[in-house]
Amino acid sequence: MSESAPSNQRILVGVSGGIAAYKAVTLVRRLVEAGCEVRVVMTESATRFVAPLTFQAVSGHPVRTTLLDAEAESGMDHIALARWAEQIVIAPASADLMARLAAGMADDLLSTLCLASTAPVQLAPAMNQQMWAHPATQANRDVLLKRGVCLLGPDAGSQACGETGAGRMMEPEAIASAVLADTGAPSRDLAGQRLVVTAGGTREPIDPVRFIANRSSGRMGFALAAEAARRGADVTLIAGPSALPTPAGVTRMDVQTAAEMQAAVEAIETMDLFIGAAAVADYRVADPAGQKLKKQGETMTLELLRNPDILQGVADRAERPFVIGFAAETERLVEHAETKRRAKGMDLICANRVGENLGFDTPDNALLLLWEGGRRDLPKADKTRLAGEVLDTYQQIRQEKHASR
Ligand code: CTP
């Protein structure tokens, strides 16, 4: 289904030992289909799960497994291979591999290449949930993140070992889209889908010169609209007042108030996906003054009326699209977000902790995604990257739903 622009990126795919190694075959195939040149390096234990010949067949190149291989070194030696790579993607990344990378070891070919290369490294961890949750693995994760390594997943769910929790490797299609997004060759996996995004804050007038507003910059919603358009979706962005430029290929409608935003959303009858990224004012002034209000006494009272819930209106439609909402919370993030998700009938909620320099009016954010039976932690990253991962998660949930039908 995914149709991609050709990319000539040189990608080194590292495969470490784990049951998820077989899924890396699909990852390599997707990257090759997108036009990337892929070389595969396997750790010794990965070869126990999948034969190197399988990766040779899908990548079209011999697979390297050992550092001290005289014949292979006489061709492209390991330093040349490290320089050749424009991106390194390791999937699955085992707990052991993460520990060795965090420690800066070079005790096999893959770890040596990571040390000898300046290419960006992306890891898709895969391990038993207890191993992922262990403080040692979490500390290694933190070290790697601090060093600029990008983590793709892991996902939560049922594991090959029979346990349930976070540690399952992200689906290969989702890894491929994340990797391709970095190559500048977007996967057009949203082609044919109609998406409506609300973004920014609304302004509720008090009088002709004053209004009630909030700190939302609109960046997250604009990033989602931009990313979805890049991936081929037909995107309408309904934006509260924002100085941000209209992303390429996006139809933008500017609104001021929650009522205007609701009317704009309601006017669109069919959509496949609705994303409520706007910080809609929960209340509006009951009776905005027609003329500028003059100051009078020491206190002043404004009567406020509850605004309609725009997202709820979409979720209640008879022919409802997939609905993604946001929640900004200052405490008890998971509990509040999950309650909100269920109450409003969202298919996916993106919860962000506000404060700690995250959330409103910042280029970076960290999100916790929750859906029925799933959860994904997206560590602090720029909003464009997060937007890509939200859309990947949407695609994954859709595909899983489709497969279970
Ligand atoms: N939303 C909406 N229309 C509203 C209010 C919210 O579409 N009138 C959407 C937002 O775009 C967001 C989600 O609903 O996707 C936020 O839910 P909400 O319960 O309003 O969150 P908070 O405002 O944080 O709620 P609370 O004050 O109850 O925490």
# chains A, B, ... in the order shown; residues from 1 in each chain; ligands from 1

$ residues_near_ligand --ligand "ligand 1" --cutoff "8 Å" --atoms "only C-alpha atoms and all ligand atoms" --output "ChimeraX atom specification"
/A:198-199,258,262,275-283,307-313,324-329,336,340,344,349

$ residues_around --residues "region 69-76 of chain A" --least-positions-apart "4" --cutoff "12 Å" --atoms "only C-alpha atoms" --output "NGL selection string"
:A and (39 or 41 or 61-65 or 80-85 or 108-109)

$ residues_around --residues "region 374-384 of chain A" --least-positions-apart "3" --cutoff "7 Å" --atoms "only C-alpha atoms" --output "PDB file with C-alpha atoms, in the first residue's frame"
ATOM      1  CA  GLY A 153       9.292   2.235  20.399  1.00  0.00           C
ATOM      2  CA  ASP A 155       5.479  -0.916  21.919  1.00  0.00           C
ATOM      3  CA  ALA A 156       3.393  -2.383  24.663  1.00  0.00           C
ATOM      4  CA  GLY A 157       1.332  -5.506  24.212  1.00  0.00           C
ATOM      5  CA  MET A 220       1.627  20.422  17.311  1.00  0.00           C
ATOM      6  CA  ALA A 223       3.181  19.711  12.514  1.00  0.00           C
ATOM      7  CA  PRO A 363       9.190  23.383  19.868  1.00  0.00           C
ATOM      8  CA  ASP A 364       9.674  20.131  21.808  1.00  0.00           C
ATOM      9  CA  ASN A 365       7.250  17.926  23.602  1.00  0.00           C
ATOM     10  CA  ALA A 366       6.954  14.439  25.053  1.00  0.00           C
ATOM     11  CA  LEU A 367       3.781  12.454  24.560  1.00  0.00           C
ATOM     12  CA  LEU A 368       2.168   9.382  25.988  1.00  0.00           C
ATOM     13  CA  LEU A 369      -0.133   7.696  23.476  1.00  0.00           C
ATOM     14  CA  LEU A 370      -2.963   5.544  24.816  1.00  0.00           C
ATOM     15  CA  TRP A 371      -5.446   3.465  22.869  1.00  0.00           C
ATOM     16  CA  ALA A 387       3.698  14.145  14.598  1.00  0.00           C
ATOM     17  CA  GLY A 388       5.237  11.410  12.434  1.00  0.00           C
TER      18      GLY A 388
END

$ atom_distance --atom1 "CA of Asp254 (chain A)" --atom2 "CA of Arg342 (chain A)"
29.5 Å

$ closest_residue --among "A:Ala103, A:Val285, A:Ala228, A:Ile175" --to "Leu302 (chain A)" --atoms "only C-alpha atoms"
A:Val285

$ residues_around --residues "Lys146 (chain A)" --least-positions-apart "3" --cutoff "12 Å" --atoms "only C-alpha atoms" --output "ChimeraX atom specification"
/A:102,139-143,149-151,379-381

$ write_last_selection --atoms "all heavy atoms" --output "PDB file, in the first residue's frame"
ATOM      1  N   ALA A 102      25.652   1.753  25.012  1.00  0.00           N
ATOM      2  CA  ALA A 102      25.709   2.788  26.058  1.00  0.00           C
ATOM      3  C   ALA A 102      27.107   2.847  26.664  1.00  0.00           C
ATOM      4  O   ALA A 102      27.608   3.914  27.001  1.00  0.00           O
ATOM      5  CB  ALA A 102      24.658   2.496  27.135  1.00  0.00           C
ATOM      6  N   ALA A 139      18.483   3.045  32.362  1.00  0.00           N
ATOM      7  CA  ALA A 139      19.647   3.950  32.461  1.00  0.00           C
ATOM      8  C   ALA A 139      20.388   3.961  31.113  1.00  0.00           C
ATOM      9  O   ALA A 139      20.817   5.023  30.646  1.00  0.00           O
ATOM     10  CB  ALA A 139      20.565   3.496  33.588  1.00  0.00           C
ATOM     11  N   ASN A 140      20.516   2.786  30.485  1.00  0.00           N
ATOM     12  CA  ASN A 140      21.183   2.737  29.174  1.00  0.00           C
ATOM     13  C   ASN A 140      20.392   3.533  28.136  1.00  0.00           C
ATOM     14  O   ASN A 140      20.952   4.243  27.302  1.00  0.00           O
ATOM     15  CB  ASN A 140      21.325   1.280  28.705  1.00  0.00           C
ATOM     16  CG  ASN A 140      22.316   0.522  29.562  1.00  0.00           C
ATOM     17  OD1 ASN A 140      23.236   1.116  30.128  1.00  0.00           O
ATOM     18  ND2 ASN A 140      22.119  -0.787  29.686  1.00  0.00           N
ATOM     19  N   ARG A 141      19.069   3.394  28.215  1.00  0.00           N
ATOM     20  CA  ARG A 141      18.191   4.148  27.304  1.00  0.00           C
ATOM     21  C   ARG A 141      18.444   5.644  27.473  1.00  0.00           C
ATOM     22  O   ARG A 141      18.593   6.373  26.492  1.00  0.00           O
ATOM     23  CB  ARG A 141      16.746   3.777  27.634  1.00  0.00           C
ATOM     24  CG  ARG A 141      15.695   4.725  27.143  1.00  0.00           C
ATOM     25  CD  ARG A 141      14.371   4.370  27.826  1.00  0.00           C
ATOM     26  NE  ARG A 141      13.295   5.237  27.410  1.00  0.00           N
ATOM     27  CZ  ARG A 141      12.967   6.384  27.996  1.00  0.00           C
ATOM     28  NH1 ARG A 141      13.651   6.825  29.031  1.00  0.00           N
ATOM     29  NH2 ARG A 141      11.965   7.093  27.541  1.00  0.00           N
ATOM     30  N   ASP A 142      18.509   6.098  28.736  1.00  0.00           N
ATOM     31  CA  ASP A 142      18.718   7.527  28.996  1.00  0.00           C
ATOM     32  C   ASP A 142      20.058   8.002  28.435  1.00  0.00           C
ATOM     33  O   ASP A 142      20.154   9.074  27.843  1.00  0.00           O
ATOM     34  CB  ASP A 142      18.642   7.816  30.498  1.00  0.00           C
ATOM     35  CG  ASP A 142      17.231   7.612  31.032  1.00  0.00           C
ATOM     36  OD1 ASP A 142      16.294   7.522  30.210  1.00  0.00           O
ATOM     37  OD2 ASP A 142      17.067   7.510  32.261  1.00  0.00           O
ATOM     38  N   VAL A 143      21.090   7.177  28.635  1.00  0.00           N
ATOM     39  CA  VAL A 143      22.421   7.545  28.135  1.00  0.00           C
ATOM     40  C   VAL A 143      22.363   7.681  26.605  1.00  0.00           C
ATOM     41  O   VAL A 143      22.847   8.659  26.028  1.00  0.00           O
ATOM     42  CB  VAL A 143      23.459   6.457  28.524  1.00  0.00           C
ATOM     43  CG1 VAL A 143      24.762   6.637  27.758  1.00  0.00           C
ATOM     44  CG2 VAL A 143      23.709   6.483  30.020  1.00  0.00           C
ATOM     45  N   VAL A 149      20.871   9.382  20.213  1.00  0.00           N
ATOM     46  CA  VAL A 149      20.306   8.200  19.553  1.00  0.00           C
ATOM     47  C   VAL A 149      18.798   8.337  19.581  1.00  0.00           C
ATOM     48  O   VAL A 149      18.233   8.825  20.563  1.00  0.00           O
ATOM     49  CB  VAL A 149      20.754   6.917  20.297  1.00  0.00           C
ATOM     50  CG1 VAL A 149      19.948   5.707  19.858  1.00  0.00           C
ATOM     51  CG2 VAL A 149      22.251   6.678  20.080  1.00  0.00           C
ATOM     52  N   CYS A 150      18.148   7.924  18.502  1.00  0.00           N
ATOM     53  CA  CYS A 150      16.690   8.051  18.477  1.00  0.00           C
ATOM     54  C   CYS A 150      16.075   6.675  18.746  1.00  0.00           C
ATOM     55  O   CYS A 150      16.504   5.684  18.160  1.00  0.00           O
ATOM     56  CB  CYS A 150      16.299   8.574  17.097  1.00  0.00           C
ATOM     57  SG  CYS A 150      14.567   8.450  16.825  1.00  0.00           S
ATOM     58  N   LEU A 151      15.116   6.640  19.639  1.00  0.00           N
ATOM     59  CA  LEU A 151      14.455   5.365  19.941  1.00  0.00           C
ATOM     60  C   LEU A 151      13.136   5.270  19.210  1.00  0.00           C
ATOM     61  O   LEU A 151      12.335   6.197  19.246  1.00  0.00           O
ATOM     62  CB  LEU A 151      14.182   5.253  21.443  1.00  0.00           C
ATOM     63  CG  LEU A 151      15.353   4.940  22.359  1.00  0.00           C
ATOM     64  CD1 LEU A 151      14.838   4.553  23.731  1.00  0.00           C
ATOM     65  CD2 LEU A 151      16.219   3.823  21.825  1.00  0.00           C
ATOM     66  N   PRO A 379       9.415   9.855  23.896  1.00  0.00           N
ATOM     67  CA  PRO A 379      10.249  10.756  24.690  1.00  0.00           C
ATOM     68  C   PRO A 379      10.410  12.110  24.015  1.00  0.00           C
ATOM     69  O   PRO A 379      10.094  12.265  22.826  1.00  0.00           O
ATOM     70  CB  PRO A 379      11.591  10.027  24.787  1.00  0.00           C
ATOM     71  CG  PRO A 379      11.526   8.842  23.917  1.00  0.00           C
ATOM     72  CD  PRO A 379      10.135   8.690  23.384  1.00  0.00           C
ATOM     73  N   LYS A 380      10.937  13.052  24.761  1.00  0.00           N
ATOM     74  CA  LYS A 380      11.051  14.436  24.289  1.00  0.00           C
ATOM     75  C   LYS A 380      11.681  14.503  22.893  1.00  0.00           C
ATOM     76  O   LYS A 380      12.746  13.938  22.666  1.00  0.00           O
ATOM     77  CB  LYS A 380      11.895  15.224  25.289  1.00  0.00           C
ATOM     78  CG  LYS A 380      11.924  16.685  25.004  1.00  0.00           C
ATOM     79  CD  LYS A 380      12.617  17.445  26.113  1.00  0.00           C
ATOM     80  CE  LYS A 380      12.853  18.850  25.629  1.00  0.00           C
ATOM     81  NZ  LYS A 380      13.660  19.636  26.500  1.00  0.00           N
ATOM     82  N   ALA A 381      11.003  15.174  22.012  1.00  0.00           N
ATOM     83  CA  ALA A 381      11.500  15.305  20.638  1.00  0.00           C
ATOM     84  C   ALA A 381      10.820  16.516  20.028  1.00  0.00           C
ATOM     85  O   ALA A 381       9.876  17.071  20.615  1.00  0.00           O
ATOM     86  CB  ALA A 381      11.149  14.060  19.837  1.00  0.00           C
TER      87      ALA A 381
END

$ select_by_dssp --residues "region 296-403 of chain A" --states "alpha helix (DSSP H)" --output "PyMOL selection string"
chain A and resi 310-315+333-344+383-403

$ write_last_selection --atoms "N, CA and C atoms" --output "short mmCIF file (atom, residue, chain, number, x, y, z; two decimals), in the first residue's frame"
data_model
loop_
_atom_site.label_atom_id
_atom_site.label_comp_id
_atom_site.auth_asym_id
_atom_site.auth_seq_id
_atom_site.Cartn_x
_atom_site.Cartn_y
_atom_site.Cartn_z
N ILE A 310 -16.06 20.09 20.38
CA ILE A 310 -15.95 19.85 18.94
C ILE A 310 -15.59 18.39 18.65
N LEU A 311 -14.62 17.90 19.39
CA LEU A 311 -14.18 16.52 19.18
C LEU A 311 -15.32 15.54 19.48
N GLN A 312 -16.02 15.81 20.56
CA GLN A 312 -17.14 14.93 20.92
C GLN A 312 -18.17 14.87 19.80
N GLY A 313 -18.42 16.04 19.19
CA GLY A 313 -19.38 16.09 18.08
C GLY A 313 -18.97 15.16 16.95
N VAL A 314 -17.66 15.12 16.67
CA VAL A 314 -17.17 14.24 15.59
C VAL A 314 -17.26 12.78 16.02
N ALA A 315 -16.89 12.52 17.28
CA ALA A 315 -16.90 11.13 17.77
C ALA A 315 -18.33 10.57 17.82
N LEU A 333 -1.12 11.79 34.90
CA LEU A 333 -1.24 11.83 33.43
C LEU A 333 -2.02 10.65 32.86
N VAL A 334 -1.60 9.43 33.20
CA VAL A 334 -2.20 8.24 32.58
C VAL A 334 -3.67 8.13 32.96
N GLU A 335 -3.93 8.29 34.24
CA GLU A 335 -5.30 8.12 34.74
C GLU A 335 -6.25 9.15 34.11
N HIS A 336 -5.84 10.42 34.15
CA HIS A 336 -6.71 11.47 33.59
C HIS A 336 -6.90 11.30 32.09
N ALA A 337 -5.81 10.96 31.42
CA ALA A 337 -5.90 10.85 29.95
C ALA A 337 -6.77 9.66 29.55
N GLU A 338 -6.62 8.54 30.24
CA GLU A 338 -7.41 7.36 29.88
C GLU A 338 -8.89 7.61 30.16
N THR A 339 -9.18 8.31 31.25
CA THR A 339 -10.58 8.63 31.55
C THR A 339 -11.15 9.52 30.45
N LYS A 340 -10.35 10.50 30.03
CA LYS A 340 -10.79 11.43 28.99
C LYS A 340 -11.01 10.69 27.67
N ARG A 341 -10.08 9.76 27.37
CA ARG A 341 -10.19 9.01 26.11
C ARG A 341 -11.50 8.23 26.06
N ARG A 342 -11.79 7.56 27.15
CA ARG A 342 -13.02 6.75 27.17
C ARG A 342 -14.26 7.63 27.16
N ALA A 343 -14.23 8.70 27.97
CA ALA A 343 -15.41 9.56 28.10
C ALA A 343 -15.79 10.15 26.75
N LYS A 344 -14.77 10.51 25.96
CA LYS A 344 -15.08 11.18 24.69
C LYS A 344 -15.11 10.21 23.52
N LYS A 383 8.35 18.62 17.57
CA LYS A 383 6.95 18.28 17.30
C LYS A 383 6.77 17.62 15.93
N THR A 384 7.68 17.90 14.99
CA THR A 384 7.57 17.26 13.67
C THR A 384 7.79 15.76 13.80
N ARG A 385 8.79 15.42 14.56
CA ARG A 385 9.09 13.99 14.75
C ARG A 385 7.92 13.31 15.48
N LEU A 386 7.41 13.99 16.52
CA LEU A 386 6.29 13.41 17.27
C LEU A 386 5.07 13.24 16.37
N ALA A 387 4.85 14.23 15.50
CA ALA A 387 3.70 14.15 14.60
C ALA A 387 3.81 12.88 13.75
N GLY A 388 5.02 12.60 13.25
CA GLY A 388 5.24 11.41 12.43
C GLY A 388 4.91 10.15 13.22
N GLU A 389 5.30 10.16 14.49
CA GLU A 389 5.07 8.95 15.29
C GLU A 389 3.60 8.78 15.65
N VAL A 390 2.90 9.90 15.83
CA VAL A 390 1.45 9.81 16.09
C VAL A 390 0.77 9.20 14.86
N LEU A 391 1.18 9.66 13.67
CA LEU A 391 0.56 9.13 12.45
C LEU A 391 0.95 7.67 12.22
N ASP A 392 2.18 7.31 12.57
CA ASP A 392 2.58 5.89 12.47
C ASP A 392 1.70 5.04 13.38
N THR A 393 1.44 5.55 14.57
CA THR A 393 0.62 4.78 15.53
C THR A 393 -0.79 4.63 14.99
N TYR A 394 -1.31 5.71 14.41
CA TYR A 394 -2.64 5.65 13.80
C TYR A 394 -2.68 4.55 12.73
N GLN A 395 -1.66 4.55 11.88
CA GLN A 395 -1.61 3.55 10.81
C GLN A 395 -1.54 2.14 11.39
N GLN A 396 -0.74 2.02 12.43
CA GLN A 396 -0.59 0.69 13.05
C GLN A 396 -1.92 0.20 13.63
N ILE A 397 -2.63 1.08 14.34
CA ILE A 397 -3.91 0.66 14.96
C ILE A 397 -4.90 0.29 13.86
N ARG A 398 -4.92 1.10 12.80
CA ARG A 398 -5.84 0.80 11.69
C ARG A 398 -5.53 -0.56 11.08
N GLN A 399 -4.21 -0.79 10.86
CA GLN A 399 -3.84 -2.07 10.23
C GLN A 399 -4.17 -3.24 11.15
N GLU A 400 -3.97 -3.05 12.45
CA GLU A 400 -4.27 -4.14 13.38
C GLU A 400 -5.77 -4.42 13.40
N LYS A 401 -6.57 -3.34 13.37
CA LYS A 401 -8.03 -3.50 13.37
C LYS A 401 -8.45 -4.26 12.12
N HIS A 402 -7.84 -3.85 11.01
CA HIS A 402 -8.17 -4.44 9.72
C HIS A 402 -7.83 -5.94 9.73
N ALA A 403 -6.62 -6.23 10.29
CA ALA A 403 -6.15 -7.63 10.31
C ALA A 403 -7.03 -8.51 11.20
#

$ closest_residue --among "A:Arg100, A:Leu67, A:Thr54, A:Val179" --to "Leu12 (chain A)" --atoms "only C-alpha atoms"
A:Val179

$ atom_distance --atom1 "CA of Met346 (chain A)" --atom2 "CA of Leu273 (chain A)"
11.2 Å

$ closest_residue --among "A:Val197, A:Ile206, A:Ile268, A:Ile90" --to "Leu237 (chain A)" --atoms "only C-alpha atoms"
A:Val197

$ closest_residue --among "A:Asp189, A:Gly165, A:Arg230, A:Glu331" --to "Ala133 (chain A)" --atoms "only C-alpha atoms"
A:Gly165

$ closest_residue --among "A:Met253, A:Leu190, A:Ala264, A:Leu68" --to "Ala233 (chain A)" --atoms "only C-alpha atoms"
A:Leu190

$ residues_around --residues "region 13-25 of chain A" --least-positions-apart "6" --cutoff "8 Å" --atoms "only C-alpha atoms" --output "PyMOL selection string"
chain A and resi 38-50+54-55+58+88-94+97+110+126-127+160+169+171-172
